[in-house]
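Raw final.cif, mmCIF, C-alpha atoms:
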```cif
data_upload
loop_
_atom_site.label_atom_id
_atom_site.label_comp_id
_atom_site.auth_asym_id
_atom_site.auth_seq_id
_atom_site.Cartn_x
_atom_site.Cartn_y
_atom_site.Cartn_z
CA MET A 16 83.10 -70.99 63.56
CA LYS A 17 82.09 -68.05 65.70
CA SER A 18 79.95 -66.67 62.86
CA ALA A 19 78.15 -69.97 62.39
CA HIS A 20 77.64 -70.30 66.14
CA LEU A 21 76.23 -66.77 66.34
CA LYS A 22 73.78 -67.50 63.52
CA THR A 23 72.59 -70.60 65.37
CA ILE A 24 72.02 -68.57 68.54
CA LEU A 25 70.10 -65.86 66.64
CA ALA A 26 67.97 -68.44 64.86
CA SER A 27 67.14 -70.10 68.17
CA ALA A 28 66.24 -66.73 69.71
CA LEU A 29 63.87 -65.98 66.83
CA LEU A 30 62.16 -69.35 67.23
CA VAL A 31 61.63 -68.68 70.94
CA ALA A 32 60.25 -65.21 70.21
CA PHE A 33 57.74 -66.52 67.66
CA ALA A 34 56.75 -69.38 69.94
CA ALA A 35 56.01 -66.93 72.74
CA GLY A 36 53.20 -65.38 70.69
CA PRO A 37 52.44 -61.69 70.05
CA ALA A 38 54.20 -59.14 72.25
CA HIS A 39 52.01 -57.07 74.54
CA ALA A 40 52.79 -53.80 76.27
CA GLY A 41 50.49 -53.02 79.18
CA ALA A 42 47.83 -50.38 78.51
CA ILE A 43 47.24 -49.46 82.15
CA HIS A 44 49.14 -46.26 82.92
CA ASP A 45 49.60 -43.77 85.74
CA ALA A 46 47.86 -46.18 88.10
CA THR A 47 49.65 -44.65 91.09
CA LEU A 48 47.66 -41.44 90.56
CA PHE A 49 44.27 -42.93 91.37
CA THR A 50 44.88 -44.26 94.86
CA ASP A 51 43.37 -41.48 96.97
CA SER A 52 40.40 -43.66 97.92
CA THR A 53 39.92 -47.41 98.28
CA LEU A 54 36.73 -49.45 98.17
CA ALA A 55 36.97 -51.91 101.06
CA ALA A 56 37.05 -55.63 100.23
CA ASN A 57 33.55 -56.54 99.12
CA ASP A 58 31.23 -58.31 96.75
CA ASP A 59 28.75 -56.19 94.72
CA GLY A 60 29.50 -53.01 96.70
CA SER A 61 29.58 -49.38 95.55
CA THR A 62 30.83 -46.05 96.78
CA GLY A 63 28.59 -43.17 97.66
CA LEU A 64 28.59 -40.18 95.32
CA VAL A 65 32.20 -39.35 94.46
CA PRO A 66 33.29 -35.99 92.97
CA ILE A 67 34.79 -36.36 89.50
CA GLY A 68 36.73 -33.12 89.90
CA PHE A 69 35.23 -31.55 86.77
CA GLY A 70 31.90 -31.37 85.01
CA ILE A 71 30.93 -33.58 82.08
CA ASN A 72 28.11 -33.55 79.54
CA LEU A 73 26.88 -37.04 78.67
CA PHE A 74 24.10 -36.86 76.05
CA GLY A 75 22.87 -33.53 77.34
CA ALA A 76 22.90 -34.49 81.04
CA PRO A 77 25.45 -32.70 83.24
CA TYR A 78 27.33 -34.68 85.89
CA SER A 79 30.04 -33.76 88.36
CA ASN A 80 29.79 -36.88 90.56
CA LEU A 81 29.59 -40.63 90.02
CA TYR A 82 29.38 -43.97 91.79
CA VAL A 83 32.27 -46.43 91.58
CA ASN A 84 30.84 -49.96 91.47
CA ASN A 85 32.96 -52.95 92.43
CA ASN A 86 31.64 -54.94 89.47
CA GLY A 87 33.74 -53.16 86.85
CA ASN A 88 31.78 -50.00 86.08
CA VAL A 89 30.82 -46.48 87.14
CA THR A 90 27.31 -45.03 87.07
CA PHE A 91 25.98 -41.50 87.44
CA THR A 92 22.40 -41.51 88.73
CA GLY A 93 22.64 -44.28 91.30
CA PRO A 94 24.88 -47.16 92.41
CA LEU A 95 24.77 -50.54 90.65
CA GLY A 96 25.18 -53.77 92.57
CA THR A 97 24.07 -56.08 89.76
CA PHE A 98 26.59 -58.88 89.32
CA THR A 99 25.37 -60.66 86.18
CA PRO A 100 26.11 -58.37 83.21
CA PHE A 101 23.15 -57.30 81.09
CA ASN A 102 22.77 -55.72 77.66
CA LEU A 103 23.90 -52.13 78.20
CA LEU A 104 21.05 -50.89 76.00
CA SER A 105 18.64 -52.28 78.58
CA THR A 106 19.74 -50.15 81.53
CA SER A 107 18.16 -46.90 82.69
CA LEU A 108 21.46 -45.95 84.33
CA PRO A 109 24.10 -43.97 82.42
CA ILE A 110 27.14 -46.23 82.72
CA LEU A 111 30.78 -46.54 81.69
CA ALA A 112 31.75 -50.19 81.99
CA PRO A 113 35.29 -51.27 81.17
CA PHE A 114 34.57 -54.81 82.42
CA PHE A 115 31.07 -55.49 83.75
CA ALA A 116 31.24 -58.81 85.59
CA ASP A 117 31.14 -60.23 89.13
CA VAL A 118 34.28 -58.76 90.72
CA ASP A 119 34.87 -60.02 94.25
CA THR A 120 37.79 -58.53 96.18
CA ARG A 121 37.28 -60.46 99.44
CA GLY A 122 39.69 -63.27 98.64
CA ALA A 123 43.20 -63.20 100.06
CA GLY A 124 45.32 -62.36 97.04
CA SER A 125 42.86 -59.99 95.37
CA SER A 126 43.74 -56.31 95.34
CA LEU A 127 41.11 -53.69 96.15
CA VAL A 128 39.45 -51.19 93.82
CA GLN A 129 41.04 -47.73 94.04
CA TYR A 130 39.90 -44.44 92.57
CA GLY A 131 40.26 -40.67 92.67
CA PRO A 132 40.77 -37.37 90.83
CA ASP A 133 44.19 -36.14 89.74
CA THR A 134 46.07 -34.20 87.09
CA LEU A 135 47.68 -35.79 84.06
CA GLY A 136 49.38 -33.97 81.21
CA GLY A 137 48.11 -30.66 82.58
CA LYS A 138 44.48 -31.85 82.47
CA ASN A 139 42.11 -32.87 85.23
CA VAL A 140 41.46 -36.60 85.26
CA PHE A 141 39.50 -39.13 87.27
CA GLY A 142 40.57 -42.77 87.34
CA VAL A 143 39.50 -46.12 88.72
CA ASN A 144 41.85 -49.09 89.02
CA TRP A 145 40.60 -52.65 89.12
CA ILE A 146 44.09 -54.17 89.23
CA ASN A 147 44.56 -57.84 90.13
CA VAL A 148 40.95 -58.34 91.21
CA GLY A 149 39.31 -61.71 91.80
CA TYR A 150 35.83 -63.02 91.06
CA PHE A 151 32.85 -64.42 92.98
CA SER A 152 32.95 -66.28 95.24
CA SER A 153 36.23 -64.96 96.71
CA HIS A 154 38.30 -66.69 94.00
CA VAL A 155 41.86 -65.54 93.29
CA ASN A 156 43.18 -68.36 91.11
CA LYS A 157 42.56 -66.03 88.16
CA LEU A 158 42.90 -62.23 88.36
CA ASN A 159 41.94 -59.34 86.08
CA SER A 160 43.59 -55.94 85.69
CA PHE A 161 41.75 -53.09 83.99
CA GLN A 162 41.32 -49.33 84.36
CA LEU A 163 39.02 -46.42 83.57
CA ILE A 164 40.39 -42.90 83.06
CA MET A 165 38.20 -39.87 82.37
CA THR A 166 39.90 -36.70 81.10
CA ASP A 167 38.51 -33.17 81.25
CA ARG A 168 38.42 -31.58 77.76
CA SER A 169 36.74 -28.33 78.68
CA ASP A 170 39.60 -26.74 76.73
CA ILE A 171 37.51 -27.70 73.68
CA ALA A 172 34.05 -26.93 75.09
CA ALA A 173 32.34 -27.00 78.46
CA GLY A 174 31.43 -30.56 79.42
CA ASP A 175 33.59 -32.23 76.79
CA PHE A 176 35.67 -35.16 78.03
CA ASP A 177 37.49 -38.29 76.95
CA PHE A 178 37.37 -41.67 78.62
CA GLU A 179 39.52 -44.72 78.13
CA PHE A 180 39.33 -48.38 79.04
CA ASN A 181 42.76 -49.93 79.62
CA TYR A 182 43.39 -53.66 79.92
CA ASP A 183 46.55 -55.47 81.07
CA LYS A 184 45.22 -58.88 82.12
CA ILE A 185 41.91 -60.66 81.64
CA GLN A 186 42.01 -64.20 83.01
CA TRP A 187 38.38 -64.65 84.13
CA GLU A 188 35.05 -63.64 82.63
CA THR A 189 32.28 -64.83 84.98
CA GLY A 190 31.47 -65.28 88.66
CA ASP A 191 30.02 -68.48 90.13
CA ALA A 192 26.55 -66.92 90.55
CA SER A 193 26.39 -66.01 86.85
CA GLY A 194 26.77 -69.59 85.69
CA GLY A 195 30.54 -69.58 85.59
CA VAL A 196 32.81 -72.45 86.56
CA GLY A 197 36.37 -71.53 87.49
CA GLY A 198 35.75 -68.00 86.21
CA LEU A 199 34.71 -69.18 82.74
CA GLY A 200 31.45 -69.72 80.86
CA GLY A 201 27.91 -68.76 81.86
CA ALA A 202 26.73 -65.16 81.43
CA CYS A 203 30.04 -63.62 80.43
CA ALA A 204 31.45 -60.12 80.85
CA ARG A 205 30.38 -57.07 78.89
CA ALA A 206 32.34 -53.89 78.17
CA GLY A 207 31.03 -50.59 76.85
CA TRP A 208 28.83 -47.66 77.79
CA SER A 209 25.25 -46.47 77.78
CA ASN A 210 23.55 -43.09 78.10
CA GLY A 211 20.78 -44.74 80.09
CA VAL A 212 18.08 -43.97 77.53
CA ALA A 213 18.35 -45.70 74.16
CA THR A 214 21.94 -45.45 73.01
CA ALA A 215 24.71 -47.84 73.96
CA PHE A 216 27.91 -49.33 72.67
CA GLU A 217 29.61 -52.60 73.53
CA ILE A 218 33.09 -53.70 72.51
CA ALA A 219 33.13 -56.58 70.04
CA GLY A 220 33.11 -59.82 72.02
CA SER A 221 30.81 -58.54 74.78
CA ALA A 222 28.78 -61.37 76.34
CA THR A 223 30.62 -63.92 74.19
CA CYS A 224 32.38 -66.40 76.44
CA GLY A 225 36.09 -66.66 75.75
CA ALA A 226 36.20 -63.53 73.59
CA PHE A 227 37.80 -61.13 76.07
CA LEU A 228 40.33 -63.52 77.62
CA ASP A 229 44.10 -63.28 77.25
CA THR A 230 44.03 -66.80 75.83
CA ASN A 231 42.12 -65.47 72.80
CA THR A 232 44.78 -63.71 70.71
CA SER A 233 42.18 -62.64 68.15
CA SER A 234 39.50 -60.84 70.17
CA GLY A 235 41.13 -60.70 73.62
CA LEU A 236 40.94 -57.21 75.09
CA ILE A 237 44.69 -56.91 75.66
CA TYR A 238 45.40 -57.47 71.96
CA ASN A 239 42.92 -54.96 70.54
CA SER A 240 42.40 -51.19 70.70
CA LEU A 241 40.15 -48.32 69.61
CA ASN A 242 41.40 -44.85 68.67
CA SER A 243 44.81 -45.85 70.03
CA THR A 244 47.98 -47.56 68.86
CA VAL A 245 48.45 -49.17 72.29
CA PRO A 246 47.16 -52.75 72.50
CA GLY A 247 44.57 -53.00 75.26
CA GLN A 248 43.56 -49.33 75.12
CA PHE A 249 40.10 -48.18 74.00
CA ILE A 250 39.63 -44.38 73.83
CA PHE A 251 36.30 -42.56 73.46
CA ASN A 252 35.82 -38.82 72.85
CA VAL A 253 32.68 -37.11 74.10
CA ARG A 254 31.93 -33.82 72.34
CA ASN A 255 28.84 -31.72 72.93
CA GLY A 256 27.48 -34.61 74.98
CA VAL A 257 27.80 -37.23 72.24
CA VAL A 258 30.34 -40.05 72.16
CA ASN A 259 32.11 -39.86 68.80
CA GLY A 260 31.13 -42.75 66.59
CA THR A 261 27.92 -43.31 68.58
CA PRO A 262 25.80 -45.99 66.93
CA ILE A 263 22.29 -44.81 66.07
CA PRO A 264 19.76 -47.23 67.56
CA GLU A 265 17.31 -48.82 65.16
CA PRO A 266 13.58 -48.78 66.04
CA ALA A 267 13.88 -52.41 67.16
CA SER A 268 16.46 -51.32 69.72
CA LEU A 269 13.89 -49.14 71.44
CA ALA A 270 11.67 -52.19 71.87
CA LEU A 271 14.62 -54.09 73.26
CA LEU A 272 15.01 -51.36 75.87
CA GLY A 273 11.65 -52.25 77.41
CA ILE A 274 12.38 -55.97 77.24
CA GLY A 275 15.79 -55.44 78.81
CA LEU A 276 14.37 -53.47 81.71
CA LEU A 277 12.08 -56.39 82.49
CA GLY A 278 15.08 -58.69 82.51
CA LEU A 279 17.08 -56.33 84.69
CA GLY A 280 14.98 -57.19 87.73
CA ALA A 281 15.78 -60.86 87.25
CA ALA A 282 19.49 -60.08 86.90
CA ARG A 283 19.42 -58.36 90.29
CA ARG A 284 18.61 -61.60 92.07
CA ARG A 285 20.25 -62.40 95.37
CA LYS A 286 23.14 -64.79 95.59
CA MET A 287 24.63 -66.88 98.32
CA PRO A 288 28.10 -65.76 99.58
#
```

Could you spell out this file's structure in structure tokens?
Amino acid sequence: MKSAHLKTILASALLVAFAAGPAHAGAIHDATLFTDSTLAANDDGSTGLVPIGFGINLFGAPYSNLYVNNNGNVTFTGPLGTFTPFNLLSTSLPILAPFFADVDTRGAGSSLVQYGPDTLGGKNVFGVNWINVGYFSSHVNKLNSFQLIMTDRSDIAAGDFDFEFNYDKIQWETGDASGGVGGLGGACARAGWSNGVATAFEIAGSATCGAFLDTNTSSGLIYNSLNSTVPGQFIFNVRNGVVNGTPIPEPASLALLGIGLLGLGAARRRKMP
């Protein structure tokens, strides 16, 4: 009797486990390290130049400082307040963008963006935490949690570094001023990087509404990975200035660069609070 009862309990437990969907272990790690500085509650704001704590070589350009932008990215040659995400090949700004969309931390219930240099595993690192952040205009009914960590790899060669995008929760994809309704639809989020000239990479699903969300168990960011066995973690290695696996732009891409720059001015339109 006990054996039969135990089998029934085990079978029920298995059914519950399968019904709950795929298991997910959070990719965000060591978030308590990157809390030295906080970007005050804002919409479309940026920091001034912030020291990385080590030098990097990104496609032949040396950088030791960057700008942390509220809207899910960091840039190196100037701040970026643009709230509607654009094709990363179209920007003249070198950018690392774990989740480029209209982050708004003014709502009660949204956490603030935190950042800073630290040491991790004996290496110098710089991290930015967008953990439990809301979207424009001051909405907090859906929250996103993602992270950028840059790691000094000058032990390999001067200027070498790694960077990783980590995702724990993606519930919204668009702000109201980008055509979204309730954080969904419109001009949806992008994720990737650009050298600011003619080479860029975007994670599969970029600009495709619904693709990055936790509700999409196929292409959702928390279920996928790159160069990592941890779901939600995308790791990139930069060696001698080049991101490993960098796609080579086709001639048509160079034409798109000019077209994209024309569109960038339109994307930087003003919005009502």

**Message:** Using only C-alpha atoms, which protein or nucleic acid residues come within 8 Å of range 164-181 of chain A? Drop anything in the same chain fewer than 2 positions from it, and give the result as a ChimeraX atom specification.
**Reply:** /A:42-43,69-73,77,113,138-143,161-162,183,247-256

**Test item: the PyMOL selection byres ((chain A and resi 91) around 7) resolved as a VMD selection string** = chain A and resid 80 to 82 89 to 90 92 to 93 109 to 110

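Among A:Gly190, A:Leu163, A:Tyr150, A:Asn210, the residue with the shortest atom-to-atom distance to Gly75 in chain A, counting only C-alpha atoms, is A:Asn210.
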
**Prompt:** CA of Ser160 in chain A and CA of Thr47 in chain A, how far apart in Å?
**Reply:**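 That distance, rounded to one decimal, is 13.9 Å.
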
**Prompt:** Hey, can you check how far CA of Lys157 in chain A sits from CA of Asp229 in chain A?
**Reply:**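 Interatomic distance, CA of Lys157 in chain A to CA of Asp229 in chain A: 11.4 Å.
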
**Request:** Starting from the shown file, work through the PyMOL selection byres ((chain A and resi 49-59) around 6) and note down what comes out as a PyMOL selection string.
**Result:** chain A and resi 46-48+60+85+96+119-121+128-131+142

**Message:** When you look at Pro246 in chain A with a cut-off of 8 Å (counting only C-alpha atoms), what residues show up, excluding the ones that are within fewer than 2 positions of it in the same chain? I need them as a list in words.
**Reply:** His39, Ala40, Gly41, Ala42, Ile237, Tyr238, Asn239, Ser240, Ser243, Thr244 and Gln248 of chain A

**Request:** Could you check how far CA of Thr189 in chain A sits from CA of Ser105 in chain A, in Å to one decimal?
**Result:** 19.6 Å
